[in-house]
Amino acid sequence: MSYLNILQLIGGLSLFLFGMQLLSDGLTSVSGGRMEQLLGKFCNTRMKGVLLGTAVTGVIQSSSATTVMVVALVNSGVMLLRQAVPVIMGANIGTTVTGWLLSMASISGDNFIITMLKPSSWTPILALAGILILFTARTEAKKHKAYALLGFAVLMFGMDVMSTAVAPLQYEPFFVDLFQKFSNPLLGVLVGAVTTALFQSSSASVGILMALSATGVIPFAAALPIIMGQNIGTCITAILASVGSNRNGKRVAVIHLSFNTIGTILFMLLFYILHAIRPFPFMDSTVTPLMLAIVHTSFNIFTTLVLLPFSEQLIKLSKKIVPVAAEELEDLEEDAQLKLLDPRFLDRPAFALEQAGTVTYSMMEIANKGMNLALDLLHDFSEEGYHRVEKWEQQADEYEDALSEYLIRISSGKLDERRGQKLTILMHSINDIERISDHSINLSDLAQKNEGKVAEFSPEAKEELDIYIAAVRDIMQRTLAAFAELDARKAFTIEPLEDRIDELNKIFTSNHIERLKQGACSVDHGFILTEVYNVLERVADHCSNIGIYIIQYKHDDSLRVHDYTHSLDKTKSNYEKLYRDYVSLYPIKYGKFSNNQ
């Protein structure tokens, strides 16, 4: 084997690994986070878990990537540990799809149909299609599809280059002797495990072994333990991914390693015991890519069938290896929602964005709880309630800090235009939500400072304050409901209510000033009510901003909030009807602008 062959081998291997990465990244991006969502939601039975793990890995062409997803999902609390076990088993089966695709390269025959089944015949068509899509694509989604097609084409081309480069090895005695030594099961397993750990991909190491098998000198006895070792070596990715995760995240990596190790031991014990009783005639025969694919798939299906009923035992084993400790008890007290912002999801920006959206909604719920309790404290103040508002406000601040950092990190990833707009909405919204939370503290401070004074307001002032509070509670609830699913129709109901609240603020303030002049209210009471009105009006403004962000997102509009507010056609019948409904619901009973006059 000349140095030119060695360079050719290095080039082919580089193309193979690059193509596999390009294919995996392209397919993952095309999925848009749906794979992770499926894993998180639909693993309620063992069989569903196995099937989902198989399907997801078959699509993204990487069991390592699936396992990293599972580690992140368990670490963030989206998936339970018992749900993770069958998914990991399914991932091992799904990764064999790559082997079957690569084995098609060994198809031989003069028949036209057989010839066209060979990847070398149709891969150029995929490459051409990928290039055409890439050059004409106007959206990121289409570009990702092009990358997936090109990735597969590059992968198969790299495979052909490697097979050609190693062809002279069949005439090298040292190469034949080397693989005869690998017939030792322990040595073969070690070689397979180390090679796969270095590449962090069982698909890559299987591809290399298939390229070498094209030389026609690798015996089945050597190939079998190497394949077994590859399943152990692929666990290194999950182990690395679990570093820095909580204990359940680490247990996923332990389960992956123990499952593959126990499966390998059981399979090899059974196989070599049967071989010792009645020797298999094919052990000394040379292996082909198709045989490798069959063995790889058979092994993974065997281990899954044998160990799936023992899922609970694997979990117990992982808990013994990674036991409960004091720090885990502390983890249980941490905010479960913030765990959804797992850094491991950042490799899949679309799913990370969905997680951030879930946490942002939770932040809004916290702000709503704080504001509603602060409004209650105006009438019935308690130190316990005040401290609860204070705690929720601090929690909202923590959410804002965590979300701001996470969203900035997501922005550095690849998102299509639509998701980029959603990212912008979330970044703007968390500022408004945090300000609502701040206003809950402002109201609580006013309630604490003026405890009992609200009860001394004039009957008119009390009634107006109750109407104002009811309107603000309404606009906050509508904003929360609209944000839950980024519902533009619900968001459209916010702006006319905000207009009505602006009127309430203006007229109620004017009415109160008039009462102050007439001596119906004291000056001290005047200051309290004016400050409360100002806070409530600002809360409504922030709700309006969030509503407009949602409308902009659904209508693909890039106007600024201030410009967008003025661009709304408030003469439209649905807007006008909503406004009239709010006028009836939140009436002005006193003063020259009363509804009755």
# chains A, B, ... in the order shown; residues from 1 in each chain; ligands from 1

call {"tool": "residues_around", "arguments": {"residues": "stretch 494-511 of chain A", "least_positions_apart": "5", "cutoff": "8 Å", "atoms": "only C-alpha atoms", "output": "ChimeraX atom specification"}}
result
/A:464,468,471-472,475,478-479,530,533-534,537,540-541,543-544,547-548,575-576,578-579,582-583,588,590-591,593

call {"tool": "residues_around", "arguments": {"residues": "A:Thr67", "least_positions_apart": "4", "cutoff": "9 Å", "atoms": "only C-alpha atoms", "output": "PyMOL selection string"}}
result
chain A and resi 62-63+71-72+84+87-88+91+235+237-238+241+252-253+256

call {"tool": "residues_around", "arguments": {"residues": "A:Thr45", "least_positions_apart": "4", "cutoff": "9 Å", "atoms": "only C-alpha atoms", "output": "PyMOL selection string"}}
result
chain A and resi 49-50+83+86

call {"tool": "atom_distance", "arguments": {"atom1": "atom CA of A:Arg348", "atom2": "atom CA of A:His296"}}
result
28.3 Å

call {"tool": "residues_around", "arguments": {"residues": "stretch 257-271 of chain A", "least_positions_apart": "5", "cutoff": "7 Å", "atoms": "only C-alpha atoms", "output": "number ranges by chain"}}
result
A: 228, 231-232, 235, 303

call {"tool": "residues_around", "arguments": {"residues": "stretch 180-182 of chain A", "least_positions_apart": "6", "cutoff": "12 Å", "atoms": "only C-alpha atoms", "output": "number ranges by chain"}}
result
A: 173-174, 188-192, 217-227, 229, 283-286

call {"tool": "write_last_selection", "arguments": {"atoms": "C-alpha atoms", "output": "CSV table (one decimal), in the first residue's frame"}}
result
chain,number,residue,atom,x,y,z
A,173,PRO,CA,0.5,-10.2,4.7
A,174,PHE,CA,0.7,-7.9,7.7
A,188,GLY,CA,-11.6,-7.5,18.8
A,189,VAL,CA,-14.0,-5.9,21.3
A,190,LEU,CA,-11.3,-3.6,22.5
A,191,VAL,CA,-10.3,-2.4,19.0
A,192,GLY,CA,-14.0,-1.8,18.1
A,217,VAL,CA,-9.5,-10.8,3.6
A,218,ILE,CA,-11.3,-9.9,6.9
A,219,PRO,CA,-12.6,-13.1,8.5
A,220,PHE,CA,-16.0,-13.2,10.2
A,221,ALA,CA,-14.3,-14.3,13.4
A,222,ALA,CA,-12.5,-10.9,13.5
A,223,ALA,CA,-15.4,-8.8,12.4
A,224,LEU,CA,-17.9,-10.1,14.9
A,225,PRO,CA,-16.1,-8.9,18.1
A,226,ILE,CA,-15.2,-5.6,16.5
A,227,ILE,CA,-18.9,-4.9,15.8
A,229,GLY,CA,-17.0,-3.4,20.6
A,283,MET,CA,-16.3,-18.2,11.1
A,284,ASP,CA,-13.2,-18.5,8.9
A,285,SER,CA,-15.0,-17.2,5.8
A,286,THR,CA,-14.4,-13.6,4.7

call {"tool": "atom_distance", "arguments": {"atom1": "atom CA of A:Leu15", "atom2": "atom CA of A:Leu198"}}
result
16.7 Å

call {"tool": "residues_around", "arguments": {"residues": "stretch 400-407 of chain A", "least_positions_apart": "4", "cutoff": "9 Å", "atoms": "only C-alpha atoms", "output": "list of chain:residue names"}}
result
A:Leu338, A:Leu341, A:Asp342, A:Pro343, A:Leu346, A:Ala352, A:Leu353, A:Ala356, A:Val359, A:Thr360, A:Met363, A:Gln395, A:Ala396, A:Ser411, A:Ser412, A:Leu423, A:Thr424, A:Leu426, A:Met427, A:Ile430, A:Asn431, A:Ile433, A:Glu434

call {"tool": "select_by_dssp", "arguments": {"residues": "stretch 304-497 of chain A", "states": "alpha helix (DSSP H)", "output": "ChimeraX atom specification"}}
result
/A:304-307,311-321,326-333,349-379,383-411,417-449,459-484,488-492,494-497

call {"tool": "closest_residue", "arguments": {"among": "A:Ser202, A:Thr195, A:Asn92, A:Ser29", "to": "A:Lys143", "atoms": "only C-alpha atoms"}}
result
A:Ser29

call {"tool": "closest_residue", "arguments": {"among": "A:Leu155, A:Ile425, A:Leu22, A:Leu314", "to": "A:Tyr553", "atoms": "only C-alpha atoms"}}
result
A:Ile425

call {"tool": "atom_distance", "arguments": {"atom1": "atom CA of A:Leu81", "atom2": "atom CA of A:Phe299"}}
result
24.1 Å

call {"tool": "closest_residue", "arguments": {"among": "A:Ser245, A:Ser213, A:Gln394, A:Ser103", "to": "A:Arg344", "atoms": "only C-alpha atoms"}}
result
A:Ser245

call {"tool": "closest_residue", "arguments": {"among": "A:Leu585, A:Met364, A:Ala141, A:Met104", "to": "A:Glu417", "atoms": "only C-alpha atoms"}}
result
A:Ala141

call {"tool": "closest_residue", "arguments": {"among": "A:Ile277, A:Pro587, A:Ser382, A:Lys145", "to": "A:Lys449", "atoms": "only C-alpha atoms"}}
result
A:Ser382
